[in-house]
Amino acid sequence: MSIAEKEPATGSAGGPDGTWGDAPRAHLMIGKGWVQGVALVMLFSFFIMGILTYRTYTASMPEPERVVSESGEVLFDRADIKEGQRLFLARGLQQYGSILGHGAYLGPDWTADYLRRSTDHTLEAFQEQGVEDATVAVRDEYRTNRYDKDSETLVYTDAQIAAFEDLKQHYADYFGPDARKYGLLEDTISDPEQIHQVTAFFSWTAWAAAAERPGHSYSYTNNWPAEPAVDNGPTPDLIVWSGLSLVVLLGGTGILFAIYGKWSREIGWHAEEAPALSFKQPGEVPLTPGQRATAWFFFVVALLFVVQTLVGAATEHYRADTTSFFGIDIIVELLPFNLARTWHLQLSLFWTAASFLAAGIFLTPYIARREPKGQGTLAYILLGAVAVVVFGSLAAEALSIHGVSWAKGPLFEQQWEYLDLPRVFQILLSAGMFIWIAIIFRGMRARLKGEHKGNMPWLFFFSALAIPAFYAVGLLARTETHISVAEFWRFWVVHLWVEDFLELFTTVMVAYIFVLLGVVRERIALGIIFLDIILYSMGGVIGTMHHLYFSGTPVEHMALGAMFSAAEVIPLTFLTVEAWTFMQLGARQEGKSTTPFPHRWAVMFLVSVGFWNFLGAGVFGFLINLPIVSYYQIGTALTANHGHAAMMGVYGMLAVALAMFALRYLIPVDKWPEKMAKLCFWSLNIGLAWMVFATLLPLGVLQLYHSVGEGYYEARSLGYITSTGNKLLEWGRLPGDVLFIVGGTLPFLYITFLGVKNFRRGETTHELGHAPLFVEQEPVAAGSQDEGTK
């Protein structure tokens, strides 16, 4: 008899009918030290984050109530800055260029652009006036801080005002009749008042990039961007914290491997404890109504994936040919670069998140060993809600970017990059994810009653709950929020939600899959989960601040962000080593089994997740996170290189892996397209590798070199980006993109189509019982049972 069959007698599982009754609560399966370790790491990390939150609100670059001339005449005020910021977001300009280094990579960085153009105008004016040593005069003009904290008034000199008026005309031309040749819609912004407001927004960020922070010899943005005209160069903090980050990485990696070498028998995957199994084959495993409903989720996931790659290909095409799409003008007019990139980024989050939602619904009955009635109906309702948010937000963003006169307000205007959904849809998406939590809790409620809160069922629920909870934090970044504060909360979602809590949920899901398959014991999987929580959270929480080096926040954000983001690479290194053990475990288990292992391609995708996690998130992420590197490369192709390798390589491959796992049971054995699954795996991985190594990485290295050698403004200019050499690299990506789309996404779409075509076939049940996916073939040796079942 297997452990799974013995569990009811221990109190750690329910009775034969899957109910719990008065069964005693199960004991914690691992030592309490693990729980205490997680609690200490979380308390420490969020205590520091609390301090940084306070400092963000109190010590970020000031947003003046009014900007006035030396005679007191108002040039623009805070309302103009906020309205300019709103227009910048509503027209999707952060998906074209960037501000304070954050945004898209085709257009200029508007902070650096305004700073260079305004200093050039001032230098020319000073030279015409015969000012002695005009270069020094320009530097002093812009580095002198004329902001009065008490009255919240910023004084511009006559030279700065003259530059502001000149740049208003420049941006009127840029966003008006000349916009098409720069890759934007013609007359993106044409109203003179709106031009005034957008210019005020750019001017304020450029002022903060040059004016010295009170009591310091560097600007509010830590002397970013590199701009000789205002004496902006790397600060001592940039150098020191970059060096200390390397020490943290090397020292932390050494310590981890020392611990691993001593206690490798107690942590990680344990092949020798896995019993011989007979895996139940697809068709033999009954499914619940809720599980069958996920077939439609995965089909929608695949459709969104295909669309995301197509608009991504359009985005890439515009980098090689800014003003046309193979001569088809209607496409350029309907789908300009900034709209294509908005959809590309948003859909990448939508389809991966939808796959995780579906996987959670699919796994819940296996964990609970039963499914309450009505789960299938609730799953379809959730799918409908997701469709409303997805397609509604895409349409709203298109109307906002096209500047349709009535498409205004929180229902239409998009928010910050990666949180592009108009605010109404952000709220609806958050609500939808909480509905998903209610579905998960409803399905697991009986199981949770009998489990210790440190065991895997509760960890599954808590990690799922963190997904809507930490996504909802993004609601604090509104279009009118001070940009430094908005960036702070935005990156709680972009980094902390994605790289810590989404990582946690996926770790729990993957570990649970192997427990449900009988490949590892629950106690071992639980230890891996707690170890990963500690390792990820030690660097991942505070490491969020590496995004805010130059966003107008005080220097401690850079110091802590640099140190702790370096520590993020350590667990990825550990997981790469563990992947070899895991692969050996899988091979040994498959050799023991009397039946074929049905999840070859799901596991292969999980292995690729480990590879891309180390390369994309670890190596490429660390490459751009060092402050001294980030100073020159932020907003360049190296950022895109890290983003593609990490987002698609980790979360994209994981989303496909989870779909493959579920679809293997939804599609009958005789209908399973083995060759399509193989083609999908190799095409997606080879296509992504081509994308990274043939285009993004060399583009990024060359752009970084140009930024250091010629200047950041020059490296971000459209003239450099569309130079002949860069265009050849951009076109060189075409074979990889074709392979990725045709050989990867389309076979995946076909496999999900087979899922919806056959999802009703087979036995349907509400009671799954114990060990629904395997049968243990040999008795467990004495003393090898989990601590929680002794």
# chains A, B, ... in the order shown; residues from 1 in each chain; ligands from 1
call {"tool": "residues_around", "arguments": {"residues": "A:Val619", "least_positions_apart": "4", "cutoff": "9 Å", "atoms": "only C-alpha atoms", "output": "VMD selection string"}}
result
chain A and resid 569 613 to 615 623 642
call {"tool": "residues_around", "arguments": {"residues": "stretch 131-140 of chain A", "least_positions_apart": "2", "cutoff": "10 Å", "atoms": "only C-alpha atoms", "output": "short mmCIF file (atom, residue, chain, number, x, y, z; two decimals) with N, CA and C atoms, in the first residue's frame"}}
result
data_model
loop_
_atom_site.label_atom_id
_atom_site.label_comp_id
_atom_site.auth_asym_id
_atom_site.auth_seq_id
_atom_site.Cartn_x
_atom_site.Cartn_y
_atom_site.Cartn_z
N SER A 118 17.82 72.05 -24.74
CA SER A 118 17.74 73.32 -24.02
C SER A 118 19.13 73.87 -23.71
N THR A 119 20.09 73.01 -23.37
CA THR A 119 21.45 73.51 -23.11
C THR A 119 22.12 73.98 -24.40
N ASP A 120 21.84 73.29 -25.49
CA ASP A 120 22.37 73.75 -26.78
C ASP A 120 21.83 75.14 -27.12
N HIS A 121 20.53 75.35 -26.88
CA HIS A 121 19.92 76.65 -27.17
C HIS A 121 20.54 77.73 -26.28
N THR A 122 20.73 77.40 -25.01
CA THR A 122 21.31 78.38 -24.08
C THR A 122 22.75 78.69 -24.43
N LEU A 123 23.52 77.65 -24.80
CA LEU A 123 24.92 77.86 -25.17
C LEU A 123 25.01 78.80 -26.38
N GLU A 124 24.16 78.54 -27.37
CA GLU A 124 24.17 79.39 -28.56
C GLU A 124 23.81 80.83 -28.21
N ALA A 125 22.83 81.00 -27.33
CA ALA A 125 22.43 82.35 -26.93
C ALA A 125 23.55 83.06 -26.18
N PHE A 126 24.22 82.34 -25.28
CA PHE A 126 25.32 82.93 -24.52
C PHE A 126 26.47 83.32 -25.44
N GLN A 127 26.75 82.48 -26.40
CA GLN A 127 27.83 82.79 -27.35
C GLN A 127 27.50 84.01 -28.17
N GLU A 128 26.24 84.15 -28.58
CA GLU A 128 25.83 85.33 -29.34
C GLU A 128 25.91 86.59 -28.49
N GLN A 129 25.69 86.43 -27.17
CA GLN A 129 25.75 87.57 -26.26
C GLN A 129 27.18 87.91 -25.86
N TYR A 142 22.27 75.60 -15.26
CA TYR A 142 21.37 74.46 -15.10
C TYR A 142 21.62 73.68 -13.81
N ARG A 143 22.82 73.73 -13.28
CA ARG A 143 23.08 72.98 -12.04
C ARG A 143 22.64 73.76 -10.80
N THR A 144 22.52 75.05 -10.91
CA THR A 144 22.06 75.84 -9.76
C THR A 144 20.59 75.54 -9.48
N ASN A 145 20.31 75.18 -8.24
CA ASN A 145 18.94 74.82 -7.85
C ASN A 145 18.22 76.06 -7.32
N ALA A 159 17.30 82.63 -19.77
CA ALA A 159 17.85 81.69 -20.76
C ALA A 159 17.06 80.39 -20.77
N GLN A 160 16.68 79.91 -19.60
CA GLN A 160 15.90 78.66 -19.52
C GLN A 160 14.50 78.86 -20.09
N ALA A 210 19.39 67.91 -13.86
CA ALA A 210 20.57 68.77 -13.85
C ALA A 210 20.76 69.53 -12.54
N ALA A 211 19.68 69.97 -11.91
CA ALA A 211 19.78 70.78 -10.68
C ALA A 211 20.29 69.91 -9.53
N PRO A 228 27.52 66.09 -20.75
CA PRO A 228 28.65 66.98 -20.46
C PRO A 228 28.26 68.44 -20.29
N ALA A 229 27.20 68.89 -20.96
CA ALA A 229 26.83 70.30 -20.91
C ALA A 229 26.49 70.75 -19.50
N VAL A 230 25.99 69.82 -18.65
CA VAL A 230 25.65 70.19 -17.27
C VAL A 230 26.54 69.46 -16.27
N ASP A 231 27.65 68.91 -16.78
CA ASP A 231 28.63 68.23 -15.93
C ASP A 231 28.04 66.99 -15.26
N ASN A 232 27.11 66.35 -15.95
CA ASN A 232 26.56 65.09 -15.43
C ASN A 232 27.48 63.93 -15.80
#
call {"tool": "residues_around", "arguments": {"residues": "A:Leu548", "least_positions_apart": "5", "cutoff": "7 Å", "atoms": "only C-alpha atoms", "output": "ChimeraX atom specification"}}
result
/A:553,557-558
call {"tool": "residues_around", "arguments": {"residues": "A:Val485", "least_positions_apart": "3", "cutoff": "7 Å", "atoms": "only C-alpha atoms", "output": "PDB file with N, CA and C atoms, in the first residue's frame"}}
result
ATOM      1  N   THR A  56      10.549  57.713  -0.475  1.00  0.00           N
ATOM      2  CA  THR A  56      10.065  58.030  -1.822  1.00  0.00           C
ATOM      3  C   THR A  56       9.108  59.207  -1.796  1.00  0.00           C
ATOM      4  N   TYR A  57       8.221  59.207  -0.801  1.00  0.00           N
ATOM      5  CA  TYR A  57       7.226  60.280  -0.713  1.00  0.00           C
ATOM      6  C   TYR A  57       7.823  61.586  -0.191  1.00  0.00           C
ATOM      7  N   THR A 481      -0.173  60.827 -10.579  1.00  0.00           N
ATOM      8  CA  THR A 481       0.742  60.629  -9.463  1.00  0.00           C
ATOM      9  C   THR A 481       2.130  61.155  -9.803  1.00  0.00           C
ATOM     10  N   HIS A 482       2.789  61.769  -8.828  1.00  0.00           N
ATOM     11  CA  HIS A 482       4.172  62.228  -8.993  1.00  0.00           C
ATOM     12  C   HIS A 482       4.983  61.089  -9.613  1.00  0.00           C
ATOM     13  N   PHE A 488       7.792  54.041  -8.344  1.00  0.00           N
ATOM     14  CA  PHE A 488       7.982  53.185  -7.176  1.00  0.00           C
ATOM     15  C   PHE A 488       6.910  52.106  -7.125  1.00  0.00           C
ATOM     16  N   TRP A 489       5.636  52.493  -7.242  1.00  0.00           N
ATOM     17  CA  TRP A 489       4.558  51.505  -7.151  1.00  0.00           C
ATOM     18  C   TRP A 489       4.449  50.674  -8.428  1.00  0.00           C
TER      19      TRP A 489
END
call {"tool": "residues_around", "arguments": {"residues": "A:Gly360", "least_positions_apart": "5", "cutoff": "9 Å", "atoms": "only C-alpha atoms", "output": "ChimeraX atom specification"}}
result
/A:355,436,440,460,464,509
call {"tool": "select_by_dssp", "arguments": {"residues": "stretch 273-463 of chain A", "states": "strand (DSSP E or B)", "output": "ChimeraX atom specification"}}
result
/A:277-279,287,370
call {"tool": "write_last_selection", "arguments": {"atoms": "N, CA and C atoms", "output": "PDB file, in the first residue's frame"}}
result
ATOM      1  N   LEU A 277       6.850   3.872  -9.888  1.00  0.00           N
ATOM      2  CA  LEU A 277       5.462   4.222 -10.117  1.00  0.00           C
ATOM      3  C   LEU A 277       4.960   3.649 -11.423  1.00  0.00           C
ATOM      4  N   SER A 278       3.661   3.578 -11.503  1.00  0.00           N
ATOM      5  CA  SER A 278       2.989   3.333 -12.768  1.00  0.00           C
ATOM      6  C   SER A 278       2.127   4.554 -13.027  1.00  0.00           C
ATOM      7  N   PHE A 279       2.510   5.355 -14.032  1.00  0.00           N
ATOM      8  CA  PHE A 279       1.770   6.588 -14.306  1.00  0.00           C
ATOM      9  C   PHE A 279       0.454   6.251 -14.994  1.00  0.00           C
ATOM     10  N   LEU A 287     -11.733  13.561 -15.089  1.00  0.00           N
ATOM     11  CA  LEU A 287     -11.584  15.000 -14.925  1.00  0.00           C
ATOM     12  C   LEU A 287     -12.866  15.600 -14.373  1.00  0.00           C
ATOM     13  N   ARG A 370     -11.292  16.520  -4.671  1.00  0.00           N
ATOM     14  CA  ARG A 370     -12.699  16.598  -5.025  1.00  0.00           C
ATOM     15  C   ARG A 370     -12.971  17.989  -5.579  1.00  0.00           C
TER      16      ARG A 370
END
call {"tool": "residues_around", "arguments": {"residues": "stretch 455-457 of chain A", "least_positions_apart": "4", "cutoff": "9 Å", "atoms": "only C-alpha atoms", "output": "PDB file with all heavy atoms, in the first residue's frame"}}
result
ATOM      1  N   ALA A  26      -3.377  18.107  10.199  1.00  0.00           N
ATOM      2  CA  ALA A  26      -2.071  17.508   9.939  1.00  0.00           C
ATOM      3  C   ALA A  26      -0.968  18.343  10.574  1.00  0.00           C
ATOM      4  O   ALA A  26      -1.090  19.547  10.763  1.00  0.00           O
ATOM      5  CB  ALA A  26      -1.839  17.394   8.444  1.00  0.00           C
ATOM      6  N   HIS A  27       0.137  17.662  10.916  1.00  0.00           N
ATOM      7  CA  HIS A  27       1.299  18.351  11.458  1.00  0.00           C
ATOM      8  C   HIS A  27       2.081  19.030  10.338  1.00  0.00           C
ATOM      9  O   HIS A  27       1.971  18.666   9.167  1.00  0.00           O
ATOM     10  CB  HIS A  27       2.209  17.354  12.184  1.00  0.00           C
ATOM     11  CG  HIS A  27       1.553  16.701  13.364  1.00  0.00           C
ATOM     12  ND1 HIS A  27       1.178  17.404  14.486  1.00  0.00           N
ATOM     13  CD2 HIS A  27       1.219  15.408  13.580  1.00  0.00           C
ATOM     14  CE1 HIS A  27       0.631  16.564  15.362  1.00  0.00           C
ATOM     15  NE2 HIS A  27       0.645  15.338  14.824  1.00  0.00           N
ATOM     16  N   LEU A  28       2.897  20.017  10.721  1.00  0.00           N
ATOM     17  CA  LEU A  28       3.802  20.641   9.768  1.00  0.00           C
ATOM     18  C   LEU A  28       4.813  19.602   9.310  1.00  0.00           C
ATOM     19  O   LEU A  28       5.444  18.928  10.124  1.00  0.00           O
ATOM     20  CB  LEU A  28       4.508  21.824  10.424  1.00  0.00           C
ATOM     21  CG  LEU A  28       5.527  22.575   9.559  1.00  0.00           C
ATOM     22  CD1 LEU A  28       4.838  23.238   8.380  1.00  0.00           C
ATOM     23  CD2 LEU A  28       6.269  23.610  10.404  1.00  0.00           C
ATOM     24  N   MET A  29       4.977  19.458   7.994  1.00  0.00           N
ATOM     25  CA  MET A  29       5.798  18.389   7.437  1.00  0.00           C
ATOM     26  C   MET A  29       7.293  18.665   7.497  1.00  0.00           C
ATOM     27  O   MET A  29       8.088  17.767   7.251  1.00  0.00           O
ATOM     28  CB  MET A  29       5.392  18.118   5.986  1.00  0.00           C
ATOM     29  CG  MET A  29       4.132  17.305   5.847  1.00  0.00           C
ATOM     30  SD  MET A  29       3.894  16.786   4.140  1.00  0.00           S
ATOM     31  CE  MET A  29       2.575  15.580   4.359  1.00  0.00           C
ATOM     32  N   ILE A  30       7.689  19.910   7.742  1.00  0.00           N
ATOM     33  CA  ILE A  30       9.112  20.230   7.834  1.00  0.00           C
ATOM     34  C   ILE A  30       9.359  20.960   9.145  1.00  0.00           C
ATOM     35  O   ILE A  30       8.421  21.319   9.868  1.00  0.00           O
ATOM     36  CB  ILE A  30       9.572  21.098   6.651  1.00  0.00           C
ATOM     37  CG1 ILE A  30       8.797  22.409   6.610  1.00  0.00           C
ATOM     38  CG2 ILE A  30       9.444  20.357   5.342  1.00  0.00           C
ATOM     39  CD1 ILE A  30       9.327  23.380   5.567  1.00  0.00           C
ATOM     40  N   ILE A 367      -5.456  18.669  -5.790  1.00  0.00           N
ATOM     41  CA  ILE A 367      -4.979  18.967  -4.444  1.00  0.00           C
ATOM     42  C   ILE A 367      -6.068  18.664  -3.416  1.00  0.00           C
ATOM     43  O   ILE A 367      -5.817  18.050  -2.381  1.00  0.00           O
ATOM     44  CB  ILE A 367      -4.544  20.440  -4.347  1.00  0.00           C
ATOM     45  CG1 ILE A 367      -3.376  20.695  -5.301  1.00  0.00           C
ATOM     46  CG2 ILE A 367      -4.160  20.807  -2.921  1.00  0.00           C
ATOM     47  CD1 ILE A 367      -3.036  22.155  -5.481  1.00  0.00           C
ATOM     48  N   ALA A 368      -7.302  19.106  -3.708  1.00  0.00           N
ATOM     49  CA  ALA A 368      -8.422  18.904  -2.787  1.00  0.00           C
ATOM     50  C   ALA A 368      -8.992  17.496  -2.863  1.00  0.00           C
ATOM     51  O   ALA A 368      -9.713  17.063  -1.956  1.00  0.00           O
ATOM     52  CB  ALA A 368      -9.519  19.916  -3.081  1.00  0.00           C
ATOM     53  N   MET A 444     -10.830  24.334  -2.475  1.00  0.00           N
ATOM     54  CA  MET A 444      -9.881  23.757  -1.525  1.00  0.00           C
ATOM     55  C   MET A 444     -10.331  23.870  -0.074  1.00  0.00           C
ATOM     56  O   MET A 444      -9.636  23.378   0.825  1.00  0.00           O
ATOM     57  CB  MET A 444      -8.531  24.466  -1.662  1.00  0.00           C
ATOM     58  CG  MET A 444      -7.840  24.254  -2.989  1.00  0.00           C
ATOM     59  SD  MET A 444      -6.209  25.032  -3.021  1.00  0.00           S
ATOM     60  CE  MET A 444      -5.360  24.080  -1.748  1.00  0.00           C
ATOM     61  N   ARG A 447     -10.190  20.791   2.136  1.00  0.00           N
ATOM     62  CA  ARG A 447      -8.825  20.294   2.336  1.00  0.00           C
ATOM     63  C   ARG A 447      -8.054  21.190   3.293  1.00  0.00           C
ATOM     64  O   ARG A 447      -7.281  20.717   4.143  1.00  0.00           O
ATOM     65  CB  ARG A 447      -8.105  20.207   0.989  1.00  0.00           C
ATOM     66  CG  ARG A 447      -6.624  19.817   1.086  1.00  0.00           C
ATOM     67  CD  ARG A 447      -6.458  18.346   1.355  1.00  0.00           C
ATOM     68  NE  ARG A 447      -5.081  18.017   1.682  1.00  0.00           N
ATOM     69  CZ  ARG A 447      -4.168  17.586   0.806  1.00  0.00           C
ATOM     70  NH1 ARG A 447      -4.507  17.460  -0.466  1.00  0.00           N
ATOM     71  NH2 ARG A 447      -2.952  17.266   1.199  1.00  0.00           N
ATOM     72  N   LEU A 448      -8.249  22.491   3.165  1.00  0.00           N
ATOM     73  CA  LEU A 448      -7.510  23.427   3.995  1.00  0.00           C
ATOM     74  C   LEU A 448      -7.853  23.281   5.472  1.00  0.00           C
ATOM     75  O   LEU A 448      -7.006  23.530   6.336  1.00  0.00           O
ATOM     76  CB  LEU A 448      -7.778  24.866   3.539  1.00  0.00           C
ATOM     77  CG  LEU A 448      -7.276  25.241   2.141  1.00  0.00           C
ATOM     78  CD1 LEU A 448      -7.713  26.658   1.783  1.00  0.00           C
ATOM     79  CD2 LEU A 448      -5.764  25.121   2.051  1.00  0.00           C
ATOM     80  N   GLU A 451      -5.422  20.912   7.208  1.00  0.00           N
ATOM     81  CA  GLU A 451      -3.994  21.042   6.959  1.00  0.00           C
ATOM     82  C   GLU A 451      -3.349  22.127   7.822  1.00  0.00           C
ATOM     83  O   GLU A 451      -3.962  23.147   8.117  1.00  0.00           O
ATOM     84  CB  GLU A 451      -3.738  21.383   5.484  1.00  0.00           C
ATOM     85  CG  GLU A 451      -3.834  20.207   4.549  1.00  0.00           C
ATOM     86  CD  GLU A 451      -2.685  19.223   4.707  1.00  0.00           C
ATOM     87  OE1 GLU A 451      -1.679  19.572   5.372  1.00  0.00           O
ATOM     88  OE2 GLU A 451      -2.794  18.108   4.169  1.00  0.00           O
ATOM     89  N   PHE A 461      -2.501  28.106  -1.726  1.00  0.00           N
ATOM     90  CA  PHE A 461      -3.528  29.143  -1.617  1.00  0.00           C
ATOM     91  C   PHE A 461      -2.903  30.514  -1.337  1.00  0.00           C
ATOM     92  O   PHE A 461      -3.256  31.517  -1.970  1.00  0.00           O
ATOM     93  CB  PHE A 461      -4.519  28.796  -0.516  1.00  0.00           C
ATOM     94  CG  PHE A 461      -5.539  29.881  -0.267  1.00  0.00           C
ATOM     95  CD1 PHE A 461      -6.549  30.120  -1.185  1.00  0.00           C
ATOM     96  CD2 PHE A 461      -5.468  30.677   0.867  1.00  0.00           C
ATOM     97  CE1 PHE A 461      -7.474  31.132  -0.975  1.00  0.00           C
ATOM     98  CE2 PHE A 461      -6.394  31.684   1.081  1.00  0.00           C
ATOM     99  CZ  PHE A 461      -7.399  31.916   0.157  1.00  0.00           C
ATOM    100  N   PHE A 462      -1.955  30.572  -0.378  1.00  0.00           N
ATOM    101  CA  PHE A 462      -1.332  31.857  -0.048  1.00  0.00           C
ATOM    102  C   PHE A 462      -0.583  32.446  -1.249  1.00  0.00           C
ATOM    103  O   PHE A 462      -0.641  33.654  -1.495  1.00  0.00           O
ATOM    104  CB  PHE A 462      -0.368  31.694   1.130  1.00  0.00           C
ATOM    105  CG  PHE A 462      -1.052  31.483   2.451  1.00  0.00           C
ATOM    106  CD1 PHE A 462      -0.501  30.640   3.404  1.00  0.00           C
ATOM    107  CD2 PHE A 462      -2.240  32.119   2.752  1.00  0.00           C
ATOM    108  CE1 PHE A 462      -1.126  30.436   4.627  1.00  0.00           C
ATOM    109  CE2 PHE A 462      -2.878  31.928   3.969  1.00  0.00           C
ATOM    110  CZ  PHE A 462      -2.316  31.082   4.912  1.00  0.00           C
ATOM    111  N   VAL A 508       5.501  26.815  -6.411  1.00  0.00           N
ATOM    112  CA  VAL A 508       4.559  25.942  -5.699  1.00  0.00           C
ATOM    113  C   VAL A 508       3.801  25.059  -6.683  1.00  0.00           C
ATOM    114  O   VAL A 508       3.618  23.854  -6.455  1.00  0.00           O
ATOM    115  CB  VAL A 508       3.576  26.787  -4.857  1.00  0.00           C
ATOM    116  CG1 VAL A 508       2.511  25.898  -4.222  1.00  0.00           C
ATOM    117  CG2 VAL A 508       4.322  27.559  -3.782  1.00  0.00           C
ATOM    118  N   TYR A 512       4.056  21.085  -6.832  1.00  0.00           N
ATOM    119  CA  TYR A 512       2.838  20.304  -6.603  1.00  0.00           C
ATOM    120  C   TYR A 512       2.585  19.321  -7.743  1.00  0.00           C
ATOM    121  O   TYR A 512       2.102  18.201  -7.530  1.00  0.00           O
ATOM    122  CB  TYR A 512       1.633  21.228  -6.428  1.00  0.00           C
ATOM    123  CG  TYR A 512       0.856  20.923  -5.166  1.00  0.00           C
ATOM    124  CD1 TYR A 512       0.431  21.939  -4.327  1.00  0.00           C
ATOM    125  CD2 TYR A 512       0.552  19.604  -4.810  1.00  0.00           C
ATOM    126  CE1 TYR A 512      -0.261  21.670  -3.168  1.00  0.00           C
ATOM    127  CE2 TYR A 512      -0.141  19.331  -3.646  1.00  0.00           C
ATOM    128  CZ  TYR A 512      -0.537  20.355  -2.823  1.00  0.00           C
ATOM    129  OH  TYR A 512      -1.217  20.078  -1.678  1.00  0.00           O
ATOM    130  N   GLU A 522       6.023  14.918  -0.671  1.00  0.00           N
ATOM    131  CA  GLU A 522       5.533  16.249  -0.334  1.00  0.00           C
ATOM    132  C   GLU A 522       6.479  16.974   0.605  1.00  0.00           C
ATOM    133  O   GLU A 522       6.688  18.183   0.479  1.00  0.00           O
ATOM    134  CB  GLU A 522       4.137  16.156   0.283  1.00  0.00           C
ATOM    135  CG  GLU A 522       3.483  17.504   0.509  1.00  0.00           C
ATOM    136  CD  GLU A 522       2.027  17.394   0.904  1.00  0.00           C
ATOM    137  OE1 GLU A 522       1.406  16.345   0.634  1.00  0.00           O
ATOM    138  OE2 GLU A 522       1.508  18.361   1.480  1.00  0.00           O
ATOM    139  N   ARG A 523       7.086  16.244   1.542  1.00  0.00           N
ATOM    140  CA  ARG A 523       8.013  16.889   2.477  1.00  0.00           C
ATOM    141  C   ARG A 523       9.211  17.483   1.749  1.00  0.00           C
ATOM    142  O   ARG A 523       9.667  18.584   2.062  1.00  0.00           O
ATOM    143  CB  ARG A 523       8.489  15.873   3.515  1.00  0.00           C
ATOM    144  CG  ARG A 523       9.507  16.433   4.505  1.00  0.00           C
ATOM    145  CD  ARG A 523       9.928  15.376   5.514  1.00  0.00           C
ATOM    146  NE  ARG A 523      10.519  14.226   4.849  1.00  0.00           N
ATOM    147  CZ  ARG A 523      11.791  14.164   4.433  1.00  0.00           C
ATOM    148  NH1 ARG A 523      12.586  15.216   4.586  1.00  0.00           N
ATOM    149  NH2 ARG A 523      12.251  13.083   3.853  1.00  0.00           N
ATOM    150  N   ALA A 525       9.330  18.397  -1.487  1.00  0.00           N
ATOM    151  CA  ALA A 525       8.855  19.540  -2.265  1.00  0.00           C
ATOM    152  C   ALA A 525       8.636  20.758  -1.370  1.00  0.00           C
ATOM    153  O   ALA A 525       8.930  21.894  -1.754  1.00  0.00           O
ATOM    154  CB  ALA A 525       7.561  19.177  -2.990  1.00  0.00           C
ATOM    155  N   LEU A 526       8.146  20.529  -0.170  1.00  0.00           N
ATOM    156  CA  LEU A 526       7.898  21.626   0.761  1.00  0.00           C
ATOM    157  C   LEU A 526       9.207  22.305   1.151  1.00  0.00           C
ATOM    158  O   LEU A 526       9.284  23.539   1.236  1.00  0.00           O
ATOM    159  CB  LEU A 526       7.190  21.078   2.005  1.00  0.00           C
ATOM    160  CG  LEU A 526       6.479  22.080   2.916  1.00  0.00           C
ATOM    161  CD1 LEU A 526       5.416  22.839   2.152  1.00  0.00           C
ATOM    162  CD2 LEU A 526       5.860  21.347   4.104  1.00  0.00           C
ATOM    163  N   ILE A 529      10.291  24.518  -1.669  1.00  0.00           N
ATOM    164  CA  ILE A 529       9.486  25.738  -1.735  1.00  0.00           C
ATOM    165  C   ILE A 529       9.959  26.756  -0.708  1.00  0.00           C
ATOM    166  O   ILE A 529      10.174  27.938  -1.026  1.00  0.00           O
ATOM    167  CB  ILE A 529       7.998  25.408  -1.519  1.00  0.00           C
ATOM    168  CG1 ILE A 529       7.449  24.615  -2.708  1.00  0.00           C
ATOM    169  CG2 ILE A 529       7.185  26.681  -1.313  1.00  0.00           C
ATOM    170  CD1 ILE A 529       6.067  24.043  -2.480  1.00  0.00           C
TER     171      ILE A 529
END
call {"tool": "closest_residue", "arguments": {"among": "A:Leu429, A:Ala407, A:Leu459, A:Ala112", "to": "A:Tyr471", "atoms": "only C-alpha atoms"}}
result
A:Leu429
call {"tool": "decode", "arguments": {"residues": "stretch 626-632 of chain A", "atoms": "N, CA and C atoms", "output": "PDB file, in the first residue's frame"}}
result
ATOM      1  N   LEU A 626      23.889  46.493 -12.599  1.00  0.00           N
ATOM      2  CA  LEU A 626      24.973  47.240 -11.963  1.00  0.00           C
ATOM      3  C   LEU A 626      24.747  48.732 -12.206  1.00  0.00           C
ATOM      4  N   PRO A 627      24.805  49.555 -11.171  1.00  0.00           N
ATOM      5  CA  PRO A 627      24.516  50.986 -11.364  1.00  0.00           C
ATOM      6  C   PRO A 627      25.348  51.647 -12.451  1.00  0.00           C
ATOM      7  N   ILE A 628      26.648  51.302 -12.523  1.00  0.00           N
ATOM      8  CA  ILE A 628      27.500  51.967 -13.499  1.00  0.00           C
ATOM      9  C   ILE A 628      27.145  51.548 -14.924  1.00  0.00           C
ATOM     10  N   VAL A 629      26.657  50.324 -15.110  1.00  0.00           N
ATOM     11  CA  VAL A 629      26.209  49.894 -16.440  1.00  0.00           C
ATOM     12  C   VAL A 629      24.844  50.498 -16.745  1.00  0.00           C
ATOM     13  N   SER A 630      23.948  50.429 -15.769  1.00  0.00           N
ATOM     14  CA  SER A 630      22.608  50.968 -15.967  1.00  0.00           C
ATOM     15  C   SER A 630      22.654  52.459 -16.303  1.00  0.00           C
ATOM     16  N   TYR A 631      23.634  53.168 -15.759  1.00  0.00           N
ATOM     17  CA  TYR A 631      23.763  54.609 -15.998  1.00  0.00           C
ATOM     18  C   TYR A 631      23.865  54.920 -17.488  1.00  0.00           C
ATOM     19  N   TYR A 632      24.561  54.067 -18.235  1.00  0.00           N
ATOM     20  CA  TYR A 632      24.747  54.309 -19.660  1.00  0.00           C
ATOM     21  C   TYR A 632      23.769  53.549 -20.554  1.00  0.00           C
TER      22      TYR A 632
END
